[in-house]
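> File protein32.txt follows (compact mmCIF, C-alpha atoms):
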```txt
# COMPACT_ATOMS: atom_id res chain seq x y z
CA MET Q 20 19.92 -9.87 24.91
CA GLU Q 21 19.89 -6.60 26.83
CA TYR Q 22 17.15 -4.12 26.04
CA SER Q 23 19.72 -1.47 25.11
CA GLU Q 24 21.05 -3.81 22.41
CA LEU Q 25 17.54 -4.42 21.12
CA LYS Q 26 16.91 -0.69 20.91
CA LYS Q 27 20.09 -0.30 18.85
CA LYS Q 28 18.82 -2.87 16.35
CA TYR Q 29 15.42 -1.21 16.00
CA ARG Q 30 17.15 2.16 15.76
CA TRP Q 31 19.45 1.00 12.99
CA LEU Q 32 16.56 -0.54 11.08
CA GLY Q 33 14.72 2.80 11.23
CA ILE Q 34 17.86 4.64 10.11
CA SER Q 35 18.25 2.23 7.18
CA PHE Q 36 14.73 2.93 5.96
CA ALA Q 37 15.16 6.66 6.61
CA VAL Q 38 18.20 6.50 4.32
CA PHE Q 39 15.89 4.79 1.82
CA GLY Q 40 13.56 7.80 1.90
CA ILE Q 41 16.31 10.44 1.86
CA VAL Q 42 18.28 8.88 -1.02
CA MET Q 43 15.07 8.17 -2.95
CA GLN Q 44 13.88 11.77 -2.66
CA ALA Q 45 17.32 13.22 -3.43
CA ALA Q 46 17.61 11.04 -6.53
CA SER Q 47 14.10 12.05 -7.59
CA LEU Q 48 14.88 15.77 -7.25
CA ILE Q 49 18.18 15.41 -9.13
CA MET Q 50 16.48 13.48 -11.90
CA GLU Q 51 13.68 16.04 -12.06
CA PHE Q 52 16.24 18.87 -12.40
CA ALA Q 53 18.20 16.96 -15.05
CA LEU Q 54 15.09 16.26 -17.12
CA LYS Q 55 13.35 19.62 -16.81
CA ASN Q 56 14.62 20.86 -20.18
CA LEU Q 57 13.51 17.77 -22.08
CA ASP Q 58 10.59 17.88 -24.48
CA SER Q 59 7.45 17.37 -22.39
CA LYS Q 60 6.11 15.00 -25.07
CA ILE Q 61 8.55 12.37 -23.85
CA PHE Q 62 6.34 11.98 -20.78
CA ASP Q 63 3.43 10.91 -22.96
CA ASN Q 64 5.16 7.51 -23.07
CA SER Q 65 3.91 5.39 -20.16
CA TRP Q 66 7.04 3.24 -20.13
CA ILE Q 67 9.24 6.29 -19.61
CA VAL Q 68 6.92 7.73 -16.95
CA TYR Q 69 7.02 4.52 -14.91
CA ILE Q 70 10.75 3.93 -15.35
CA LEU Q 71 11.68 7.48 -14.37
CA GLY Q 72 9.21 7.46 -11.49
CA LEU Q 73 10.33 4.14 -10.01
CA MET Q 74 14.06 4.36 -10.69
CA PRO Q 75 14.86 6.67 -7.73
CA ILE Q 76 12.91 4.32 -5.44
CA TRP Q 77 14.03 0.84 -6.42
CA ALA Q 78 17.26 1.35 -8.38
CA ILE Q 79 18.79 3.92 -5.99
CA GLY Q 80 16.91 4.25 -2.69
CA PHE Q 81 16.30 0.56 -1.96
CA PRO Q 82 19.92 -0.55 -2.59
CA ALA Q 83 21.06 2.15 -0.15
CA CYS Q 84 18.61 0.77 2.42
CA LEU Q 85 19.83 -2.78 1.81
CA LEU Q 86 23.44 -1.69 2.30
CA CYS Q 87 22.66 0.00 5.61
CA ALA Q 88 20.50 -2.85 6.89
CA SER Q 89 23.11 -5.48 5.98
CA LYS Q 90 24.84 -4.98 9.34
CA LEU Q 91 21.75 -6.37 11.11
CA PRO Q 92 21.44 -10.16 11.41
CA SER Q 93 18.62 -11.80 9.48
CA LYS Q 94 16.37 -14.67 10.46
CA LYS Q 95 13.38 -15.52 8.29
CA PRO Q 96 10.20 -16.89 9.88
CA GLU Q 97 9.66 -20.62 10.01
CA GLU Q 98 8.22 -21.85 6.71
CA HIS Q 99 4.67 -23.16 6.38
CA ASP Q 100 2.44 -23.68 3.35
CA MET Q 101 -0.74 -21.69 2.92
CA LYS Q 102 -3.82 -23.22 1.31
CA VAL Q 103 -5.49 -21.51 -1.62
CA LEU Q 104 -8.71 -21.20 0.41
CA ASP Q 105 -6.81 -19.38 3.17
CA LEU Q 106 -5.32 -17.00 0.59
CA VAL Q 107 -8.82 -16.25 -0.74
CA GLN Q 108 -10.04 -15.62 2.80
CA VAL Q 109 -7.13 -13.27 3.51
CA TYR Q 110 -7.83 -11.44 0.25
CA ALA Q 111 -11.45 -10.96 1.34
CA MET Q 112 -10.29 -9.58 4.71
CA VAL Q 113 -7.78 -7.31 2.98
CA THR Q 114 -10.62 -5.99 0.81
CA PHE Q 115 -12.84 -5.40 3.84
CA PHE Q 116 -10.18 -3.51 5.79
CA ALA Q 117 -8.97 -1.60 2.72
CA ILE Q 118 -12.48 -0.29 2.00
CA VAL Q 119 -13.21 0.57 5.64
CA MET Q 120 -9.88 2.30 6.19
CA ASN Q 121 -10.17 4.11 2.88
CA LEU Q 122 -13.56 5.52 3.95
CA ILE Q 123 -12.09 6.59 7.29
CA GLY Q 124 -9.21 8.19 5.43
CA LEU Q 125 -11.56 10.11 3.14
CA VAL Q 126 -13.39 11.55 6.16
CA ILE Q 127 -10.12 12.62 7.77
CA ILE Q 128 -8.86 14.13 4.49
CA SER Q 129 -12.11 16.07 4.10
CA VAL Q 130 -11.64 17.53 7.58
CA LEU Q 131 -7.99 18.36 6.88
CA GLU Q 132 -8.91 20.13 3.65
CA LYS Q 133 -11.50 22.27 5.45
CA ILE Q 134 -9.06 23.13 8.24
CA THR Q 135 -6.04 23.87 6.06
CA GLY Q 136 -7.71 25.11 2.88
CA LEU Q 137 -5.42 22.80 0.91
CA THR Q 138 -6.47 20.45 -1.88
CA LEU Q 139 -5.15 16.96 -1.22
CA GLN Q 140 -4.76 14.61 -4.15
CA ASN Q 141 -4.27 10.89 -4.62
CA THR Q 142 -1.27 11.31 -6.90
CA THR Q 143 -0.72 7.58 -7.38
CA ILE Q 144 -4.20 6.93 -8.76
CA GLU Q 145 -3.99 10.07 -10.89
CA LEU Q 146 -0.68 8.85 -12.33
CA ILE Q 147 -2.02 5.38 -13.13
CA ASN Q 148 -5.20 6.86 -14.59
CA LYS Q 149 -3.15 8.59 -17.30
CA GLN Q 150 -1.07 5.60 -18.34
CA GLU Q 151 -1.49 2.79 -20.84
CA ILE Q 152 -2.72 -0.62 -19.74
CA PHE Q 153 0.25 -2.89 -20.48
CA PRO Q 154 3.01 -0.85 -18.77
CA THR Q 155 0.67 -0.32 -15.82
CA ILE Q 156 0.29 -4.08 -15.45
CA ILE Q 157 4.07 -4.56 -15.62
CA PHE Q 158 5.09 -1.82 -13.21
CA ALA Q 159 2.13 -1.22 -10.88
CA VAL Q 160 0.68 -4.72 -10.70
CA ILE Q 161 3.75 -6.98 -11.01
CA LEU Q 162 7.03 -5.22 -10.25
CA GLY Q 163 5.69 -2.78 -7.64
CA PRO Q 164 4.29 -5.47 -5.31
CA ILE Q 165 7.42 -7.60 -5.68
CA PHE Q 166 9.77 -4.80 -4.62
CA GLU Q 167 7.47 -3.52 -1.87
CA GLU Q 168 7.05 -6.97 -0.35
CA LEU Q 169 10.78 -7.65 -0.52
CA SER Q 170 11.52 -4.39 1.30
CA TYR Q 171 8.70 -3.80 3.79
CA ARG Q 172 7.91 -7.42 4.51
CA LYS Q 173 10.88 -9.74 3.87
CA LEU Q 174 13.76 -7.36 4.65
CA LEU Q 175 12.06 -5.67 7.58
CA ILE Q 176 10.60 -8.77 9.21
CA ASP Q 177 13.71 -10.89 8.64
CA LYS Q 178 15.67 -8.23 10.51
CA ILE Q 179 13.44 -7.68 13.55
CA GLY Q 180 10.75 -10.39 13.53
CA GLN Q 181 13.13 -12.63 15.46
CA TYR Q 182 12.89 -10.27 18.45
CA ASP Q 183 9.10 -9.96 18.51
CA LYS Q 184 6.62 -11.04 15.83
CA PHE Q 185 3.73 -8.85 16.98
CA TYR Q 186 5.70 -5.61 16.90
CA ALA Q 187 7.36 -6.60 13.62
CA ILE Q 188 3.90 -6.81 12.03
CA LEU Q 189 2.86 -3.43 13.46
CA LEU Q 190 6.12 -1.82 12.36
CA SER Q 191 5.90 -3.31 8.88
CA GLY Q 192 2.38 -1.95 8.34
CA LEU Q 193 3.03 1.49 9.78
CA MET Q 194 6.29 2.03 7.90
CA PHE Q 195 4.67 0.74 4.71
CA GLY Q 196 1.86 3.27 5.09
CA LEU Q 197 4.29 6.12 5.74
CA PHE Q 198 6.44 5.03 2.80
CA HIS Q 199 3.65 5.87 0.35
CA THR Q 200 3.99 9.59 1.29
CA ASN Q 201 0.34 10.02 0.32
CA ILE Q 202 -2.38 10.78 2.87
CA TYR Q 203 -5.01 9.12 0.68
CA GLN Q 204 -3.08 5.86 0.77
CA PHE Q 205 -1.71 6.01 4.31
CA PHE Q 206 -4.70 4.60 6.19
CA TYR Q 207 -5.50 1.56 4.09
CA THR Q 208 -1.89 0.72 3.15
CA THR Q 209 -0.96 0.69 6.84
CA CYS Q 210 -3.77 -1.75 7.59
CA ILE Q 211 -3.24 -4.09 4.64
CA GLY Q 212 0.52 -3.87 5.20
CA MET Q 213 -0.05 -5.43 8.62
CA LEU Q 214 -2.13 -8.20 7.03
CA PHE Q 215 0.60 -8.91 4.48
CA ALA Q 216 3.15 -8.91 7.30
CA PHE Q 217 1.01 -11.39 9.24
CA VAL Q 218 0.92 -13.70 6.21
CA TYR Q 219 4.70 -13.58 5.76
CA THR Q 220 5.33 -14.03 9.48
CA LYS Q 221 2.90 -16.95 9.59
CA THR Q 222 4.25 -18.72 6.48
CA GLY Q 223 7.85 -17.57 6.07
CA LYS Q 224 7.20 -17.50 2.30
CA ILE Q 225 7.17 -14.09 0.69
CA ARG Q 226 5.38 -15.36 -2.41
CA TYR Q 227 2.05 -15.42 -0.58
CA SER Q 228 2.10 -11.74 0.36
CA ILE Q 229 3.36 -10.88 -3.14
CA ILE Q 230 0.38 -12.70 -4.68
CA LEU Q 231 -2.05 -10.90 -2.36
CA HIS Q 232 -0.39 -7.56 -3.08
CA MET Q 233 -0.57 -8.12 -6.84
CA CYS Q 234 -4.25 -9.04 -6.55
CA MET Q 235 -4.95 -5.86 -4.59
CA ASN Q 236 -3.12 -3.60 -7.04
CA PHE Q 237 -4.79 -5.23 -10.02
CA ILE Q 238 -8.34 -5.61 -8.74
CA HIS Q 239 -8.59 -2.43 -6.68
CA GLY Q 240 -6.23 -0.20 -8.64
CA ALA Q 241 -5.99 -1.11 -12.30
CA VAL Q 242 -9.38 -2.73 -12.98
CA PRO Q 243 -11.67 0.16 -11.90
CA ILE Q 244 -9.55 2.65 -13.84
CA PHE Q 245 -9.64 0.57 -16.99
CA LEU Q 246 -13.37 -0.14 -16.62
CA SER Q 247 -14.08 3.59 -16.23
CA ARG Q 248 -12.36 4.15 -19.58
CA MET Q 249 -14.84 1.78 -21.19
CA MET Q 250 -17.80 3.79 -19.89
CA ASP Q 251 -19.44 6.81 -21.45
CA MET Q 252 -18.47 9.19 -18.66
CA ASP Q 253 -20.38 12.10 -20.24
CA ILE Q 254 -23.64 10.29 -19.50
CA VAL Q 255 -22.59 9.44 -15.94
CA THR Q 256 -21.56 13.06 -15.30
CA SER Q 257 -24.76 14.48 -16.76
CA LEU Q 258 -26.88 12.31 -14.42
CA ARG Q 259 -25.45 13.73 -11.22
CA ASP Q 260 -28.20 15.60 -9.35
CA ALA Q 261 -30.44 15.18 -12.40
CA ASP Q 262 -34.25 15.07 -12.23
CA LEU Q 263 -35.20 11.45 -12.91
CA ASN Q 264 -38.75 12.53 -13.70
CA ASP Q 265 -37.45 14.24 -16.82
CA PRO Q 266 -38.12 11.95 -19.86
CA ALA Q 267 -34.80 12.96 -21.43
CA ILE Q 268 -32.96 11.99 -18.24
CA ARG Q 269 -34.75 8.65 -18.15
CA ASP Q 270 -33.63 8.01 -21.72
CA GLN Q 271 -30.06 8.71 -20.66
CA VAL Q 272 -30.39 6.29 -17.74
CA THR Q 273 -31.69 3.62 -20.12
CA LYS Q 274 -28.78 4.30 -22.44
CA MET Q 275 -26.35 4.05 -19.54
CA TYR Q 276 -27.70 0.62 -18.56
CA THR Q 277 -27.10 -0.62 -22.09
CA ASP Q 278 -23.47 0.53 -21.97
CA PRO Q 279 -21.26 -2.60 -21.67
CA GLY Q 280 -18.64 -0.60 -19.80
CA PHE Q 281 -21.16 0.51 -17.18
CA LEU Q 282 -22.54 -3.01 -16.78
CA LEU Q 283 -19.04 -4.39 -16.26
CA TYR Q 284 -18.34 -1.66 -13.71
CA LEU Q 285 -21.61 -2.49 -11.93
CA ALA Q 286 -20.64 -6.17 -11.82
CA PHE Q 287 -17.22 -5.20 -10.48
CA ALA Q 288 -18.79 -3.05 -7.76
CA ASN Q 289 -21.04 -5.94 -6.73
CA PHE Q 290 -18.01 -8.25 -6.59
CA ILE Q 291 -16.22 -5.82 -4.26
CA LEU Q 292 -19.33 -5.57 -2.08
CA VAL Q 293 -19.47 -9.38 -1.80
CA MET Q 294 -15.76 -9.44 -0.87
CA VAL Q 295 -16.29 -6.79 1.80
CA VAL Q 296 -19.12 -8.76 3.42
CA LEU Q 297 -17.18 -12.01 3.09
CA GLY Q 298 -14.08 -10.37 4.53
CA PHE Q 299 -15.97 -9.21 7.60
CA VAL Q 300 -17.43 -12.70 8.14
CA VAL Q 301 -14.02 -14.34 7.70
CA PHE Q 302 -12.46 -11.90 10.16
CA ILE Q 303 -15.03 -12.87 12.81
CA VAL Q 304 -14.59 -16.59 12.10
CA TRP Q 305 -10.79 -16.31 12.30
CA ASN Q 306 -11.14 -14.57 15.65
CA VAL Q 307 -13.44 -17.29 16.97
CA HIS Q 308 -11.07 -20.04 15.84
CA LYS Q 309 -8.00 -18.05 16.94
CA LYS Q 310 -6.37 -18.28 13.51
CA TRP Q 311 -4.68 -14.96 14.22
CA MET Q 312 -2.57 -16.59 16.92
CA LEU Q 313 1.20 -16.41 16.48
CA ASP Q 314 3.81 -18.18 18.54
CA ASN Q 315 5.48 -15.17 20.12
CA THR Q 316 6.87 -16.97 23.16
CA GLU Q 317 10.44 -16.22 22.10
CA SER Q 318 9.87 -12.46 22.17
CA MET Q 319 12.86 -10.59 23.58
CA LEU Q 320 10.96 -7.37 24.24
CA PRO Q 321 9.89 -6.51 27.79
CA GLU Q 322 6.21 -6.63 28.73
CA LYS Q 323 6.40 -2.97 29.70
CA GLY Q 324 8.22 -0.45 27.55
CA ALA Q 325 8.23 -2.53 24.35
CA ALA Q 326 6.47 0.18 22.34
CA LYS Q 327 9.09 2.71 23.40
CA ILE Q 328 11.90 0.44 22.18
CA VAL Q 329 10.19 -0.18 18.83
CA PHE Q 330 8.66 3.23 18.08
CA GLY Q 331 10.47 5.61 20.42
CA ASN Q 332 13.96 5.15 19.03
CA PHE Q 333 15.82 7.70 16.92
CA GLY Q 334 15.71 5.58 13.76
CA PHE Q 335 11.95 5.18 13.61
CA ILE Q 336 11.40 8.84 14.53
CA LEU Q 337 13.82 9.88 11.77
CA PHE Q 338 12.06 7.65 9.24
CA THR Q 339 8.69 9.10 10.26
CA LEU Q 340 9.94 12.68 9.95
CA VAL Q 341 11.52 11.97 6.54
CA THR Q 342 8.36 10.41 5.09
CA ILE Q 343 6.08 13.09 6.56
CA GLY Q 344 8.44 15.74 5.19
CA ILE Q 345 8.26 14.22 1.71
CA THR Q 346 4.45 14.02 2.00
CA ILE Q 347 4.19 17.71 2.95
CA TYR Q 348 6.60 18.68 0.15
CA GLU Q 349 4.48 16.84 -2.43
CA ILE Q 350 1.28 18.44 -1.10
CA ILE Q 351 2.79 21.93 -1.34
CA LEU Q 352 4.18 21.18 -4.79
CA LEU Q 353 0.70 20.33 -6.08
CA GLN Q 354 -1.04 23.45 -4.76
```
Represent the supplied structure as structure tokens.

Amino acid sequence: MEYSELKKKYRWLGISFAVFGIVMQAASLIMEFALKNLDSKIFDNSWIVYILGLMPIWAIGFPACLLCASKLPSKKPEEHDMKVLDLVQVYAMVTFFAIVMNLIGLVIISVLEKITGLTLQNTTIELINKQEIFPTIIFAVILGPIFEELSYRKLLIDKIGQYDKFYAILLSGLMFGLFHTNIYQFFYTTCIGMLFAFVYTKTGKIRYSIILHMCMNFIHGAVPIFLSRMMDMDIVTSLRDADLNDPAIRDQVTKMYTDPGFLLYLAFANFILVMVVLGFVVFIVWNVHKKWMLDNTESMLPEKGAAKIVFGNFGFILFTLVTIGITIYEIILLQ
């Protein structure tokens, strides 16, 4: 296949996902305008909040993307089973990279806030923090990962993984990070998106990346929020910068360590720490044993200029501009 034809395919894929973003945002704005005169109490219902929030994305935007991308030929990766132990190891690595990239992201956000004077917010976590447990499990832990893996892993990789597996993984992660339109989430979602893409490319079975994604959303998203609700946050807040030599403060510390919610949160934090260390060790071991190796001998991209074909085409640039534009709009809206 000629390189010009390859560039057309990558371009059309980018355009398809740009349409996803444009239609999604347009539907969201129309819905927001249509609902602005409704009683605000209706949004106290978590089911309604999730349904209205996700409808423009998955009921309107994603079908438009599917329709556009349907003109591209699909070829799923060769199927292989993945052992439970390997899944656990990948989860540990995902945890390690998610924590590291999240810390890097926080540093960058802090610098951006000082430079711009803006206040950047993690709107997704703030949304989940206000909702009830059961609908959060249904929408954020189960349905969200399913749709996201079907779109940014299965659809995307089936369309362009046949031309080059390595660049398909990079593209999947980067577009997944941009898709979140949230600076707080961009850094770690890009990284773990690449890991999920590696798993799907390696196995050809989307269920593995869906399972990993669900675990991440539950363990790292839902669990800490729900555990924090079990804690006496007044005590935790009062102990910040407190003088531990004060007898009254020591009594509060003692009380805090008898709080079941705090003890559960402490156990959870230790679990995450163990996973981070384990993830780093597994990453090194996988490198030594070359478990990251993919058979990319059938790549159709040139050795020189591949990045330009994949990332320098109109479609990817349009998708990037659309998602950055939505991100900036949401930042301005929240100021």
> Which residues are near His99 (chain Q)? Cut-off 12 Å, only C-alpha atoms, ignore same chain within fewer than 2 positions. Put them as a list of chain:residue names.
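Selected residues are Q:Lys95, Q:Pro96, Q:Glu97, Q:Met101, Q:Lys102, Q:Val218, Q:Tyr219, Q:Thr220, Q:Lys221, Q:Thr222, Q:Gly223, Q:Lys224, Q:Ile225, Q:Arg226, Q:Tyr227.
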> Residues at most 9 Å from Ser47 (chain Q), counting all atoms listed in the file, excluding those fewer than 2 positions away in the same chain, as a count of residues only?
13
> Could you check which of Q:Phe335, Q:Phe39, Q:Tyr22, Q:Phe237 is closest to Leu193 (chain Q), using only C-alpha atoms?
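Going through Q:Phe335, Q:Phe39, Q:Tyr22, Q:Phe237 one by one, the smallest distance to Leu193 (chain Q) is for Q:Phe335.
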> Looking at Q:Tyr182, Q:Tyr171, Q:Lys28, Q:Val119, which one is nearest to Pro321 (chain Q), with distances taken over all atoms listed in the file?
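For Pro321 (chain Q), the nearest of the candidates is Q:Tyr182.
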> Given all atoms listed in the file as the basis, pick out the residue of Q:Tyr69, Q:Phe62, Q:Tyr29, Q:Phe338 nearest to Thr200 (chain Q).
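Ranking Q:Tyr69, Q:Phe62, Q:Tyr29, Q:Phe338 by distance to Thr200 (chain Q), first place goes to Q:Phe338.
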> Give, as JSON, the centre coordinates and the x, y and z edge lengths in Å to one decimal for an axis-aligned box around all listed atoms of region 46-49 of chain Q, padded by 5 Å on each side.

```
{"center_x": 16.1, "center_y": 13.4, "center_z": -7.8, "size_x": 14.1, "size_y": 14.7, "size_z": 12.6}
```
> State, in Å with one decimal place, the distance from CA of Leu282 (chain Q) to CA of Leu146 (chain Q).
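Going from CA of Leu282 (chain Q) over to CA of Leu146 (chain Q) covers 25.3 Å.
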> Kindly give the distance, in Å, that separates CA of Gly192 (chain Q) and CA of Glu145 (chain Q), rounded to a single decimal.
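Going from CA of Gly192 (chain Q) over to CA of Glu145 (chain Q) covers 23.6 Å.
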> How close does region 34-130 of chain Q get to region 339-346 of chain Q? List, as JSON lines, each residue of region 34-130 of chain Q within 8 Å, its nearest atom pair and the distance in Å to one decimal, counting only C-alpha atoms.

```
{"residue": "Q:Ala37", "atom": "CA", "partner": "Q:Val341", "partner_atom": "CA", "distance": 6.4}
{"residue": "Q:Gly40", "atom": "CA", "partner": "Q:Val341", "partner_atom": "CA", "distance": 6.6}
{"residue": "Q:Ile41", "atom": "CA", "partner": "Q:Val341", "partner_atom": "CA", "distance": 6.9}
{"residue": "Q:Gln44", "atom": "CA", "partner": "Q:Ile345", "partner_atom": "CA", "distance": 7.5}
```
> Skip region 203-214 of chain Q itself and residues of its chain fewer than 3 positions away, then list as a PyMOL selection string all residues within 10 Å of it, counting all atoms listed in the file.
chain Q and resi 109-110+112-125+127-128+139-144+167-168+171-172+185+187-200+217-220+228+231-232+235
> Record the distance separating CA of Ile328 (chain Q) and CA of Pro164 (chain Q), expressed in Å with one decimal.
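Atom-to-atom, CA of Ile328 (chain Q) to CA of Pro164 (chain Q), that is 29.1 Å.
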> Taking 5 positions as the minimum chain separation for residues in the same chain, which residues sit within 9 Å of His239 (chain Q) when counting all atoms listed in the file? Answer as an NGL selection string.
:Q and (114 or 234 or 244 or 291)
> Could you write out that same residue set with C-alpha atoms as a PDB file, in the frame of the given file?

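Heads up, here's the output in selection25.pdb:
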```pdb
ATOM      1  CA  THR Q 114     -10.620  -5.990   0.810  1.00  0.00           C
ATOM      2  CA  CYS Q 234      -4.250  -9.040  -6.550  1.00  0.00           C
ATOM      3  CA  ILE Q 244      -9.550   2.650 -13.840  1.00  0.00           C
ATOM      4  CA  ILE Q 291     -16.220  -5.820  -4.260  1.00  0.00           C
TER       5      ILE Q 291
END
```
> Pro279 (chain Q): which residues within 12 Å, counting only C-alpha atoms, same-chain residues fewer than 3 positions away excluded, as a PDB file with C-alpha atoms, in the coordinates of the input?

```pdb
ATOM      1  CA  LEU Q 246     -13.370  -0.140 -16.620  1.00  0.00           C
ATOM      2  CA  SER Q 247     -14.080   3.590 -16.230  1.00  0.00           C
ATOM      3  CA  ARG Q 248     -12.360   4.150 -19.580  1.00  0.00           C
ATOM      4  CA  MET Q 249     -14.840   1.780 -21.190  1.00  0.00           C
ATOM      5  CA  MET Q 250     -17.800   3.790 -19.890  1.00  0.00           C
ATOM      6  CA  ASP Q 251     -19.440   6.810 -21.450  1.00  0.00           C
ATOM      7  CA  LYS Q 274     -28.780   4.300 -22.440  1.00  0.00           C
ATOM      8  CA  MET Q 275     -26.350   4.050 -19.540  1.00  0.00           C
ATOM      9  CA  TYR Q 276     -27.700   0.620 -18.560  1.00  0.00           C
ATOM     10  CA  LEU Q 282     -22.540  -3.010 -16.780  1.00  0.00           C
ATOM     11  CA  LEU Q 283     -19.040  -4.390 -16.260  1.00  0.00           C
ATOM     12  CA  TYR Q 284     -18.340  -1.660 -13.710  1.00  0.00           C
ATOM     13  CA  LEU Q 285     -21.610  -2.490 -11.930  1.00  0.00           C
ATOM     14  CA  ALA Q 286     -20.640  -6.170 -11.820  1.00  0.00           C
TER      15      ALA Q 286
END
```
> I need the residue nearest Pro243 (chain Q) from this list: Q:Phe330, Q:Phe290, Q:Phe36, Q:Phe215. Use all atoms listed in the file for the distance.
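Selected residue with least distance to Pro243 (chain Q): Q:Phe290.
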> So, counting only C-alpha atoms, which residue among Q:Asn315, Q:Val295, Q:Cys84, Q:Lys90 is closest to Ser170 (chain Q)?
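The closest residue to Ser170 (chain Q) is Q:Cys84.
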> Which is closest to Ile179 (chain Q) among Q:Asn289, Q:Ser65, Q:Ser318, Q:Gln354, if we use all atoms listed in the file?
Q:Ser318
